[in-house]
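Visitor: Following this line is structure-v1.cif, made up of mmCIF, C-alpha atoms:
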```cif
data_model
loop_
_atom_site.group_PDB
_atom_site.id
_atom_site.type_symbol
_atom_site.label_atom_id
_atom_site.label_comp_id
_atom_site.auth_asym_id
_atom_site.auth_seq_id
_atom_site.Cartn_x
_atom_site.Cartn_y
_atom_site.Cartn_z
ATOM 1 C CA MET A 19 80.759 92.586 27.734
ATOM 2 C CA LEU A 20 83.074 95.435 28.658
ATOM 3 C CA SER A 21 83.062 98.837 26.990
ATOM 4 C CA VAL A 22 86.241 100.934 26.803
ATOM 5 C CA ILE A 23 85.461 104.615 26.231
ATOM 6 C CA ILE A 24 88.320 106.878 25.127
ATOM 7 C CA PRO A 25 87.672 110.637 25.016
ATOM 8 C CA ASN A 26 89.897 112.300 22.444
ATOM 9 C CA TRP A 27 90.768 115.871 21.545
ATOM 10 C CA ASN A 28 93.724 116.410 19.230
ATOM 11 C CA GLY A 29 95.341 113.232 20.481
ATOM 12 C CA ALA A 30 96.488 111.741 17.173
ATOM 13 C CA GLN A 31 100.030 111.272 18.444
ATOM 14 C CA HIS A 32 98.836 109.277 21.468
ATOM 15 C CA LEU A 33 96.117 107.073 19.987
ATOM 16 C CA PRO A 34 98.230 104.368 18.274
ATOM 17 C CA ALA A 35 99.978 103.222 21.466
ATOM 18 C CA CYS A 36 96.677 103.156 23.327
ATOM 19 C CA LEU A 37 94.731 101.283 20.643
ATOM 20 C CA GLU A 38 97.522 98.800 19.930
ATOM 21 C CA SER A 39 97.585 97.877 23.624
ATOM 22 C CA LEU A 40 93.844 97.207 23.472
ATOM 23 C CA ARG A 41 94.350 94.999 20.424
ATOM 24 C CA ALA A 42 96.719 92.899 22.550
ATOM 25 C CA GLN A 43 94.183 92.198 25.317
ATOM 26 C CA THR A 44 93.735 88.589 26.425
ATOM 27 C CA TRP A 45 90.072 89.314 27.255
ATOM 28 C CA ARG A 46 88.258 89.594 23.952
ATOM 29 C CA GLU A 47 84.649 90.325 24.981
ATOM 30 C CA PHE A 48 84.873 94.095 24.755
ATOM 31 C CA GLU A 49 84.161 97.045 22.510
ATOM 32 C CA THR A 50 86.191 100.193 22.045
ATOM 33 C CA LEU A 51 84.550 103.579 21.548
ATOM 34 C CA VAL A 52 86.559 106.710 20.819
ATOM 35 C CA VAL A 53 84.579 109.916 21.284
ATOM 36 C CA ASP A 54 86.301 112.678 19.354
ATOM 37 C CA ASN A 55 85.744 116.239 20.574
ATOM 38 C CA ALA A 56 85.965 117.960 17.177
ATOM 39 C CA SER A 57 89.721 117.434 16.875
ATOM 40 C CA GLN A 58 91.644 119.657 14.478
ATOM 41 C CA ASP A 59 94.571 117.246 14.027
ATOM 42 C CA ASP A 60 94.760 113.860 12.248
ATOM 43 C CA SER A 61 92.823 111.960 14.918
ATOM 44 C CA LEU A 62 90.061 110.777 12.595
ATOM 45 C CA ALA A 63 92.586 109.598 10.005
ATOM 46 C CA VAL A 64 94.414 107.621 12.690
ATOM 47 C CA LEU A 65 91.166 106.098 13.915
ATOM 48 C CA ALA A 66 90.291 104.999 10.381
ATOM 49 C CA ARG A 67 93.212 102.546 10.632
ATOM 50 C CA TYR A 68 91.415 100.734 13.468
ATOM 51 C CA PRO A 69 88.202 99.295 12.024
ATOM 52 C CA GLU A 70 87.353 97.555 15.294
ATOM 53 C CA VAL A 71 86.986 100.953 16.989
ATOM 54 C CA ARG A 72 83.607 102.653 17.009
ATOM 55 C CA THR A 73 84.319 106.357 16.459
ATOM 56 C CA LEU A 74 81.800 108.945 17.611
ATOM 57 C CA ALA A 75 82.831 112.236 16.004
ATOM 58 C CA LEU A 76 81.284 115.228 17.765
ATOM 59 C CA LYS A 77 80.800 118.552 15.976
ATOM 60 C CA ARG A 78 82.064 120.628 18.901
ATOM 61 C CA ASN A 79 84.292 120.226 21.917
ATOM 62 C CA THR A 80 81.994 119.097 24.728
ATOM 63 C CA GLY A 81 84.811 118.726 27.247
ATOM 64 C CA PHE A 82 85.991 115.616 29.004
ATOM 65 C CA THR A 83 82.621 115.127 30.672
ATOM 66 C CA GLY A 84 80.632 115.583 27.469
ATOM 67 C CA ALA A 85 82.765 113.131 25.510
ATOM 68 C CA CYS A 86 82.697 110.525 28.280
ATOM 69 C CA ASN A 87 78.945 110.843 28.773
ATOM 70 C CA THR A 88 78.383 110.438 25.032
ATOM 71 C CA GLY A 89 80.404 107.249 25.263
ATOM 72 C CA PHE A 90 78.511 106.006 28.323
ATOM 73 C CA ARG A 91 75.186 106.463 26.538
ATOM 74 C CA ALA A 92 76.369 104.664 23.402
ATOM 75 C CA ALA A 93 78.198 101.816 25.164
ATOM 76 C CA ARG A 94 76.686 98.352 25.346
ATOM 77 C CA GLY A 95 78.769 96.828 28.127
ATOM 78 C CA GLU A 96 77.704 96.060 31.675
ATOM 79 C CA ILE A 97 81.111 97.367 32.737
ATOM 80 C CA GLN A 98 81.972 100.774 31.292
ATOM 81 C CA ILE A 99 85.574 101.915 31.429
ATOM 82 C CA LEU A 100 87.052 105.354 30.841
ATOM 83 C CA LEU A 101 90.579 105.359 29.452
ATOM 84 C CA ASN A 102 92.723 108.359 28.552
ATOM 85 C CA ASN A 103 94.072 108.479 25.011
ATOM 86 C CA ASP A 104 97.620 108.998 26.363
ATOM 87 C CA THR A 105 97.840 105.577 27.994
ATOM 88 C CA ALA A 106 98.797 101.999 27.213
ATOM 89 C CA VAL A 107 97.470 99.037 29.162
ATOM 90 C CA ALA A 108 98.924 95.675 30.166
ATOM 91 C CA PRO A 109 97.687 92.680 28.109
ATOM 92 C CA ASP A 110 95.575 91.286 30.981
ATOM 93 C CA TRP A 111 94.147 94.655 32.054
ATOM 94 C CA LEU A 112 90.592 93.953 30.923
ATOM 95 C CA ALA A 113 90.699 90.384 32.231
ATOM 96 C CA GLN A 114 91.652 91.673 35.674
ATOM 97 C CA LEU A 115 88.888 94.265 35.659
ATOM 98 C CA ALA A 116 86.271 91.737 34.574
ATOM 99 C CA ALA A 117 87.326 89.291 37.289
ATOM 100 C CA THR A 118 87.289 91.994 39.958
ATOM 101 C CA PHE A 119 83.726 93.059 39.227
ATOM 102 C CA ALA A 120 82.592 89.430 39.081
ATOM 103 C CA ARG A 121 84.070 88.680 42.513
ATOM 104 C CA HIS A 122 82.838 91.831 44.254
ATOM 105 C CA PRO A 123 79.169 92.710 43.764
ATOM 106 C CA GLU A 124 79.460 95.505 46.338
ATOM 107 C CA VAL A 125 81.973 97.312 44.126
ATOM 108 C CA GLY A 126 80.677 99.962 41.748
ATOM 109 C CA LEU A 127 84.008 101.314 40.539
ATOM 110 C CA VAL A 128 87.514 99.903 40.171
ATOM 111 C CA ALA A 129 90.796 101.804 40.212
ATOM 112 C CA SER A 130 93.717 100.477 38.188
ATOM 113 C CA LYS A 131 97.380 100.544 39.137
ATOM 114 C CA MET A 132 98.615 103.507 37.085
ATOM 115 C CA LEU A 133 102.343 103.829 36.404
ATOM 116 C CA LEU A 134 104.155 106.478 34.396
ATOM 117 C CA PHE A 135 104.396 105.697 30.692
ATOM 118 C CA ASP A 136 108.093 106.491 30.429
ATOM 119 C CA ARG A 137 109.110 105.423 33.965
ATOM 120 C CA ARG A 138 107.289 102.186 34.481
ATOM 121 C CA ASP A 139 108.669 101.648 37.948
ATOM 122 C CA THR A 140 107.028 104.870 39.212
ATOM 123 C CA PHE A 141 103.439 105.473 40.285
ATOM 124 C CA HIS A 142 100.932 107.910 38.948
ATOM 125 C CA THR A 143 98.267 106.565 41.299
ATOM 126 C CA ALA A 144 97.252 103.506 43.271
ATOM 127 C CA GLY A 145 93.708 104.785 43.601
ATOM 128 C CA ASP A 146 92.845 108.343 44.583
ATOM 129 C CA TYR A 147 92.024 109.598 48.057
ATOM 130 C CA LEU A 148 90.689 112.609 49.926
ATOM 131 C CA THR A 149 91.998 114.208 53.064
ATOM 132 C CA PRO A 150 89.559 115.650 55.637
ATOM 133 C CA ASP A 151 90.207 119.160 54.274
ATOM 134 C CA GLY A 152 88.444 118.076 51.080
ATOM 135 C CA MET A 153 91.586 117.989 48.942
ATOM 136 C CA ALA A 154 92.010 115.154 46.437
ATOM 137 C CA HIS A 155 95.307 113.323 45.931
ATOM 138 C CA ASN A 156 96.857 110.522 43.868
ATOM 139 C CA ARG A 157 97.867 107.727 46.247
ATOM 140 C CA GLY A 158 101.541 106.882 45.803
ATOM 141 C CA VAL A 159 102.245 109.505 43.132
ATOM 142 C CA TRP A 160 105.963 109.712 42.192
ATOM 143 C CA GLN A 161 106.820 106.766 44.465
ATOM 144 C CA ARG A 162 108.870 103.886 43.073
ATOM 145 C CA ASP A 163 106.838 100.694 42.746
ATOM 146 C CA GLU A 164 108.423 98.433 45.362
ATOM 147 C CA GLY A 165 105.356 96.327 46.111
ATOM 148 C CA GLN A 166 103.872 98.717 48.663
ATOM 149 C CA PHE A 167 100.563 98.840 46.778
ATOM 150 C CA ASP A 168 100.398 95.270 45.513
ATOM 151 C CA HIS A 169 97.314 94.347 47.560
ATOM 152 C CA PRO A 170 93.675 95.053 46.631
ATOM 153 C CA ALA A 171 91.922 97.479 48.959
ATOM 154 C CA TYR A 172 88.910 99.737 49.148
ATOM 155 C CA VAL A 173 89.896 103.323 48.319
ATOM 156 C CA PHE A 174 87.949 106.527 47.776
ATOM 157 C CA SER A 175 88.161 107.022 44.020
ATOM 158 C CA ALA A 176 89.422 105.786 40.689
ATOM 159 C CA CYS A 177 91.421 108.252 38.596
ATOM 160 C CA GLY A 178 89.404 109.268 35.540
ATOM 161 C CA GLY A 179 92.363 108.373 33.330
ATOM 162 C CA SER A 180 91.481 104.690 33.811
ATOM 163 C CA SER A 181 88.296 104.246 35.809
ATOM 164 C CA ALA A 182 85.929 101.287 35.489
ATOM 165 C CA TYR A 183 82.260 101.566 36.446
ATOM 166 C CA ARG A 184 79.381 99.160 36.890
ATOM 167 C CA ARG A 185 76.561 100.150 34.551
ATOM 168 C CA SER A 186 73.923 99.611 37.231
ATOM 169 C CA MET A 187 75.737 102.027 39.546
ATOM 170 C CA LEU A 188 75.809 104.735 36.887
ATOM 171 C CA ALA A 189 72.098 104.203 36.295
ATOM 172 C CA GLU A 190 71.528 104.848 39.996
ATOM 173 C CA ILE A 191 73.824 107.810 40.704
ATOM 174 C CA GLY A 192 74.087 109.410 37.271
ATOM 175 C CA LEU A 193 76.918 109.982 34.802
ATOM 176 C CA LEU A 194 79.663 112.591 34.993
ATOM 177 C CA ASP A 195 78.418 116.080 35.804
ATOM 178 C CA ASP A 196 78.516 118.129 32.592
ATOM 179 C CA ASP A 197 78.727 121.342 34.622
ATOM 180 C CA PHE A 198 82.309 120.303 35.441
ATOM 181 C CA PHE A 199 83.408 120.076 31.760
ATOM 182 C CA PHE A 200 86.944 119.053 32.747
ATOM 183 C CA SER A 201 88.742 118.288 36.064
ATOM 184 C CA PHE A 202 87.461 116.768 39.339
ATOM 185 C CA GLU A 203 84.619 115.039 37.500
ATOM 186 C CA ASP A 204 86.012 111.675 38.640
ATOM 187 C CA VAL A 205 86.193 112.792 42.280
ATOM 188 C CA ASP A 206 82.629 114.100 42.102
ATOM 189 C CA LEU A 207 81.376 110.805 40.694
ATOM 190 C CA ALA A 208 83.296 108.879 43.377
ATOM 191 C CA TRP A 209 81.715 111.023 46.088
ATOM 192 C CA ARG A 210 78.249 110.246 44.736
ATOM 193 C CA ALA A 211 79.081 106.540 44.538
ATOM 194 C CA GLN A 212 80.489 106.415 48.067
ATOM 195 C CA LEU A 213 77.569 108.335 49.551
ATOM 196 C CA ALA A 214 75.119 105.995 47.809
ATOM 197 C CA GLY A 215 76.817 102.977 49.430
ATOM 198 C CA TRP A 216 78.906 101.673 46.527
ATOM 199 C CA LYS A 217 82.536 100.777 47.117
ATOM 200 C CA CYS A 218 85.637 101.557 45.072
ATOM 201 C CA LEU A 219 88.253 98.802 44.856
ATOM 202 C CA TYR A 220 91.865 99.321 43.881
ATOM 203 C CA GLN A 221 93.070 96.373 41.768
ATOM 204 C CA PRO A 222 96.887 96.274 41.521
ATOM 205 C CA ARG A 223 96.831 93.565 38.845
ATOM 206 C CA ALA A 224 95.052 95.888 36.395
ATOM 207 C CA VAL A 225 98.003 97.925 35.132
ATOM 208 C CA VAL A 226 97.914 101.114 33.055
ATOM 209 C CA TYR A 227 100.829 103.257 31.851
ATOM 210 C CA HIS A 228 100.038 106.970 31.633
ATOM 211 C CA LYS A 229 101.780 109.940 30.013
ATOM 212 C CA LEU A 230 101.011 112.135 32.984
ATOM 213 C CA LYS A 231 99.730 115.595 31.935
ATOM 214 C CA ALA A 232 100.254 114.875 28.236
ATOM 215 C CA SER A 233 96.619 115.692 27.475
ATOM 216 C CA GLY A 234 95.947 118.462 29.982
ATOM 217 C CA GLY A 235 97.414 121.220 32.148
ATOM 218 C CA GLY A 236 98.184 124.902 31.776
ATOM 219 C CA THR A 237 95.932 127.804 32.626
ATOM 220 C CA VAL A 238 92.823 125.918 31.493
ATOM 221 C CA ALA A 239 93.495 123.282 34.140
ATOM 222 C CA SER A 240 94.187 125.976 36.756
ATOM 223 C CA PHE A 241 90.756 127.527 36.147
ATOM 224 C CA TYR A 242 88.800 124.281 36.186
ATOM 225 C CA ASP A 243 90.730 122.820 39.118
ATOM 226 C CA ALA A 244 89.893 125.838 41.284
ATOM 227 C CA ARG A 245 86.261 126.017 40.216
ATOM 228 C CA ASN A 246 85.500 122.317 40.308
ATOM 229 C CA ARG A 247 87.228 121.775 43.634
ATOM 230 C CA LEU A 248 84.586 124.087 45.118
ATOM 231 C CA TYR A 249 81.813 122.459 43.088
ATOM 232 C CA THR A 250 82.810 119.085 44.512
ATOM 233 C CA LEU A 251 82.764 120.347 48.096
ATOM 234 C CA PHE A 252 79.459 122.168 47.664
ATOM 235 C CA LYS A 253 77.730 119.121 46.209
ATOM 236 C CA ASN A 254 79.130 116.288 48.235
ATOM 237 C CA TYR A 255 80.927 117.053 51.500
ATOM 238 C CA PRO A 256 78.474 115.752 54.131
ATOM 239 C CA ALA A 257 77.191 117.960 56.935
ATOM 240 C CA ASP A 258 78.442 115.688 59.719
ATOM 241 C CA LEU A 259 81.967 115.622 58.305
ATOM 242 C CA TRP A 260 81.760 119.380 57.771
ATOM 243 C CA GLN A 261 81.000 119.857 61.462
ATOM 244 C CA ALA A 262 84.081 117.800 62.346
ATOM 245 C CA HIS A 263 86.492 119.239 59.768
ATOM 246 C CA ARG A 264 85.203 122.658 58.722
ATOM 247 C CA ARG A 265 88.318 124.448 59.999
ATOM 248 C CA GLU A 266 90.531 122.183 57.864
ATOM 249 C CA VAL A 267 88.348 122.658 54.787
ATOM 250 C CA ILE A 268 88.285 126.451 55.148
ATOM 251 C CA ALA A 269 92.025 126.607 55.845
ATOM 252 C CA ALA A 270 92.819 124.591 52.697
ATOM 253 C CA GLN A 271 90.733 126.898 50.531
ATOM 254 C CA LEU A 272 92.291 129.984 52.087
ATOM 255 C CA ARG A 273 95.789 128.617 51.439
ATOM 256 C CA LEU A 274 94.960 128.106 47.778
ATOM 257 C CA LEU A 275 93.496 131.605 47.560
ATOM 258 C CA ARG A 276 96.489 133.149 49.362
ATOM 259 C CA ASP A 277 98.976 131.400 47.068
ATOM 260 C CA ALA A 278 97.114 132.581 43.979
ATOM 261 C CA LEU A 279 96.948 136.164 45.253
ATOM 262 C CA ARG A 280 100.681 136.170 46.000
ATOM 263 C CA SER A 281 101.400 135.073 42.419
ATOM 264 C CA TRP A 282 98.658 137.093 40.752
ATOM 265 C CA ARG A 283 100.985 138.344 38.017
ATOM 266 C CA GLY A 284 101.268 134.808 36.644
ATOM 267 C CA ALA A 285 98.715 133.512 34.147
ATOM 268 C CA ALA A 286 98.077 130.310 36.112
ATOM 269 C CA ALA A 287 97.432 132.231 39.339
ATOM 270 C CA ARG A 288 94.982 134.575 37.615
ATOM 271 C CA ALA A 289 93.201 131.560 36.118
ATOM 272 C CA THR A 290 92.979 130.041 39.596
ATOM 273 C CA LEU A 291 91.393 133.220 40.954
ATOM 274 C CA ARG A 292 88.866 133.307 38.111
ATOM 275 C CA GLY A 293 88.044 129.671 38.792
ATOM 276 C CA TRP A 294 87.607 130.302 42.516
ATOM 277 C CA LEU A 295 85.145 133.122 41.820
ATOM 278 C CA ALA A 296 83.308 131.009 39.254
ATOM 279 C CA GLY A 297 83.003 128.253 41.835
ATOM 280 C CA TRP A 298 81.226 130.552 44.267
ATOM 281 C CA ARG A 299 78.938 131.809 41.515
ATOM 282 C CA GLY A 300 77.952 128.185 40.926
ATOM 283 C CA TRP A 301 76.888 127.645 44.543
ATOM 284 C CA PRO A 302 73.095 127.890 43.889
ATOM 285 C CA VAL A 303 73.209 125.198 41.195
ATOM 286 C CA MET A 304 75.441 122.941 43.283
ATOM 287 C CA ARG A 305 73.195 123.398 46.331
ATOM 288 C CA ARG A 306 70.208 122.053 44.404
ATOM 289 C CA LYS A 307 72.243 119.044 43.319
ATOM 290 C CA ARG A 308 73.489 118.578 46.876
ATOM 291 C CA GLN A 309 69.970 118.195 48.213
ATOM 292 C CA ARG A 310 69.312 115.229 45.937
ATOM 293 C CA ILE A 311 72.664 113.568 46.650
ATOM 294 C CA GLN A 312 72.534 113.885 50.434
ATOM 295 C CA ALA A 313 68.899 112.734 50.573
ATOM 296 C CA HIS A 314 69.959 109.307 49.251
ATOM 297 C CA ARG A 315 73.076 108.919 51.382
ATOM 298 C CA LYS A 316 73.798 105.450 52.780
ATOM 299 C CA ALA A 317 77.494 105.619 53.748
ATOM 300 C CA SER A 318 78.366 106.258 57.368
ATOM 301 C CA ALA A 319 80.682 109.023 58.492
ATOM 302 C CA ALA A 320 82.905 106.392 60.103
ATOM 303 C CA TYR A 321 83.441 104.594 56.787
ATOM 304 C CA LEU A 322 84.225 107.811 54.927
ATOM 305 C CA GLU A 323 86.602 108.909 57.703
ATOM 306 C CA ARG A 324 88.553 105.648 57.358
ATOM 307 C CA LEU A 325 89.044 106.275 53.637
ATOM 308 C CA MET A 326 90.253 109.809 54.438
ATOM 309 C CA THR A 327 92.807 108.654 57.026
ATOM 310 C CA PRO A 328 96.281 107.189 56.346
ATOM 311 C CA PRO A 329 96.984 104.794 54.689
ATOM 312 C CA TYR A 330 93.829 105.903 52.804
ATOM 313 C CA GLU A 331 92.569 102.381 52.243
ATOM 314 C CA ILE A 332 90.488 99.674 53.881
ATOM 315 C CA PRO A 333 92.041 96.227 53.299
ATOM 316 C CA LEU A 334 89.834 93.398 52.049
#
```
Would you mind giving the structure from this file in structure tokens?

Guide:
Amino acid sequence: MLSVIIPNWNGAQHLPACLESLRAQTWREFETLVVDNASQDDSLAVLARYPEVRTLALKRNTGFTGACNTGFRAARGEIQILLNNDTAVAPDWLAQLAATFARHPEVGLVASKMLLFDRRDTFHTAGDYLTPDGMAHNRGVWQRDEGQFDHPAYVFSACGGSSAYRRSMLAEIGLLDDDFFFSFEDVDLAWRAQLAGWKCLYQPRAVVYHKLKASGGGTVASFYDARNRLYTLFKNYPADLWQAHRREVIAAQLRLLRDALRSWRGAAARATLRGWLAGWRGWPVMRRKRQRIQAHRKASAAYLERLMTPPYEIPL
């Protein structure tokens, strides 16, 4: 059994394409849960047209993390999959995910091949990666799909817009961190998975089409990106890698701060500065979480370094 969990907030215009693509799946042993974050649009009316969907209507907006975690707790599947409401998936998407987990017991999370919804020859991501400065990136973003990522490989992270998780892994490392609310929650979870010894596999045959930034962005994203980028570093970046790359990490943060200060008259820049300050205020909480995460670390620095070095993959 697979569980597809779709967080939704005012996404009525996106839901039909997403849910119709799930109706067309060749793999039929799955459930669909839509967790609605107190939408003010016609989302619930749209969902009523899909009786096969289990709708969990929340009374307040609990953020991306809150909605996803509600779905995780209610889901029955051994494989639990997060899917953005502004996506459509290929007919064999679930079949490919199921087969991948069955073949690879070492894998705790699977990244799909994500292409742009309206330019289906162009990548959103072929699995996400980190550079040694702690910055997260979409592998292949904006590149034309010319077969360069048509091979499975271990990567660092699965994009939260279509990320598949083994239930037993989540039971071990925990769900999304609700302190994040929105943004970088997928990178944080991938860090915890990698440090605990689980692997992330990119599966190019599991194809998703995404309306990039249709359900996010703006000053809200600027605030949470800045804050949660620091949260992720504080919690997860290991001490041995810090010793090797601390200059790069510090330089990256200073560049972001400098750019925001130079553009401080803009709303996005001011939101970034507020987020950066909020991130530092959260250091004591993140430090306590860090102690638990690092105490159970199994991954070697050498393995993590390989994932953080071009081409940001380890072939099977």

Visitor: Between A:Tyr183, A:Tyr227, A:Trp27, A:Trp260, which one has atoms that come closest to Leu127 in chain A, using only C-alpha atoms?

Guide: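 Comparing A:Tyr183, A:Tyr227, A:Trp27, A:Trp260 against Leu127 in chain A, the winner is A:Tyr183.
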
Visitor: Would you kindly identify which residues have an atom no farther than 12 Å from (75.1, 103.6, 20.8), using all atoms listed in the file and the file's own coordinates, and write them out as a ChimeraX atom specification?

Guide: /A:21,23,49-53,72-74,87-95

Visitor: Centre and edge lengths, as lines of an AutoDock Vina configuration file, for the axis-aligned box enclosing every listed atom of range 104-123 of chain A with 5 Å of padding on each of the six sides, in Å to one decimal?

Guide:
```
center_x = 89.0
center_y = 98.8
center_z = 35.3
size_x = 29.8
size_y = 30.3
size_z = 27.9
```

Visitor: Dump as a list in words all residues having an atom at most 8 Å from (79.2, 104.0, 43.0), computed in the file's coordinates with only C-alpha atoms.

Guide: Val125, Gly126, Leu127, Tyr183, Arg184, Met187, Leu188, Ile191, Leu207, Ala208, Arg210, Ala211, Gln212, Ala214, Gly215, Trp216, Lys217 and Cys218 of chain A

Visitor: Could you make a table, as a tab-separated table, of the residues of range 173-285 of chain A that have an atom within 10 Å of an atom of range 307-312 of chain A, each with its nearest atom pair and distance in Å to one decimal, counting only C-alpha atoms, in chain and number order?

Guide:
```
residue	atom	partner	partner_atom	distance
A:Ile191	CA	A:Ile311	CA	8.4
A:Trp209	CA	A:Ile311	CA	9.4
A:Arg210	CA	A:Ile311	CA	6.8
A:Ala211	CA	A:Ile311	CA	9.7
A:Leu213	CA	A:Gln312	CA	7.5
A:Ala214	CA	A:Ile311	CA	8.0
A:Tyr249	CA	A:Arg308	CA	9.9
A:Thr250	CA	A:Arg308	CA	9.6
A:Leu251	CA	A:Arg308	CA	9.5
A:Phe252	CA	A:Arg308	CA	7.0
A:Lys253	CA	A:Arg308	CA	4.3
A:Asn254	CA	A:Arg308	CA	6.2
A:Tyr255	CA	A:Arg308	CA	8.9
A:Pro256	CA	A:Gln312	CA	7.2
A:Ala257	CA	A:Gln312	CA	9.0
```

Visitor: Excluding Leu33 in chain A and its own-chain neighbours fewer than 5 positions away, which residues fall within 8 Å of it when counting only C-alpha atoms? Please give them as a short mmCIF file (atom, residue, chain, number, x, y, z; two decimals) with C-alpha atoms, keeping the file's coordinate frame.

Guide:
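Dumped to part-v1.cif:
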```cif
data_model
loop_
_atom_site.label_atom_id
_atom_site.label_comp_id
_atom_site.auth_asym_id
_atom_site.auth_seq_id
_atom_site.Cartn_x
_atom_site.Cartn_y
_atom_site.Cartn_z
CA SER A 61 92.82 111.96 14.92
CA VAL A 64 94.41 107.62 12.69
CA LEU A 65 91.17 106.10 13.92
CA ASN A 103 94.07 108.48 25.01
CA ASP A 104 97.62 109.00 26.36
#
```

Visitor: Using only C-alpha atoms, find the one residue out of A:Arg264, A:Phe82, A:Thr140, A:Asp151 that sits nearest to Gln166 in chain A.

Guide: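 Between A:Arg264, A:Phe82, A:Thr140, A:Asp151, the residue approaching Gln166 in chain A most closely is A:Thr140.
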
Visitor: How many Å separate CA of Asn55 in chain A from CA of Gly29 in chain A?

Guide: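 Distance between the two atoms: 10.1 Å.
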
Visitor: List as a PyMOL selection string the protein and nucleic acid residues near range 161-164 of chain A, meaning an atom at most 7 Å away when all atoms listed in the file are counted, but skip any in the same chain fewer than 3 places from it.

Guide: chain A and resi 139-141+158

Visitor: Generate the coordinates of N, CA and C atoms for range 156-168 of chain A; report them as a CSV table (one decimal), in the frame of the given file.

Guide:
```
chain,number,residue,atom,x,y,z
A,156,ASN,N,96.5,111.8,44.5
A,156,ASN,CA,96.9,110.5,43.9
A,156,ASN,C,97.7,109.7,44.9
A,157,ARG,N,97.2,108.6,45.3
A,157,ARG,CA,97.9,107.7,46.2
A,157,ARG,C,99.1,107.2,45.6
A,158,GLY,N,100.3,107.4,46.3
A,158,GLY,CA,101.5,106.9,45.8
A,158,GLY,C,102.2,107.6,44.7
A,159,VAL,N,101.7,108.8,44.3
A,159,VAL,CA,102.2,109.5,43.1
A,159,VAL,C,103.7,109.8,43.3
A,160,TRP,N,104.5,109.5,42.3
A,160,TRP,CA,106.0,109.7,42.2
A,160,TRP,C,106.8,108.7,43.0
A,161,GLN,N,106.1,107.8,43.7
A,161,GLN,CA,106.8,106.8,44.5
A,161,GLN,C,107.3,105.7,43.5
A,162,ARG,N,108.4,105.1,43.8
A,162,ARG,CA,108.9,103.9,43.1
A,162,ARG,C,108.0,102.7,43.5
A,163,ASP,N,107.7,101.9,42.5
A,163,ASP,CA,106.8,100.7,42.7
A,163,ASP,C,107.7,99.6,43.3
A,164,GLU,N,107.6,99.4,44.7
A,164,GLU,CA,108.4,98.4,45.4
A,164,GLU,C,107.5,97.4,46.1
A,165,GLY,N,106.3,97.3,45.6
A,165,GLY,CA,105.4,96.3,46.1
A,165,GLY,C,104.5,96.9,47.2
A,166,GLN,N,104.6,98.2,47.5
A,166,GLN,CA,103.9,98.7,48.7
A,166,GLN,C,102.4,98.8,48.4
A,167,PHE,N,102.0,98.8,47.1
A,167,PHE,CA,100.6,98.8,46.8
A,167,PHE,C,100.1,97.6,46.0
A,168,ASP,N,100.7,96.5,46.3
A,168,ASP,CA,100.4,95.3,45.5
A,168,ASP,C,99.3,94.5,46.1
```
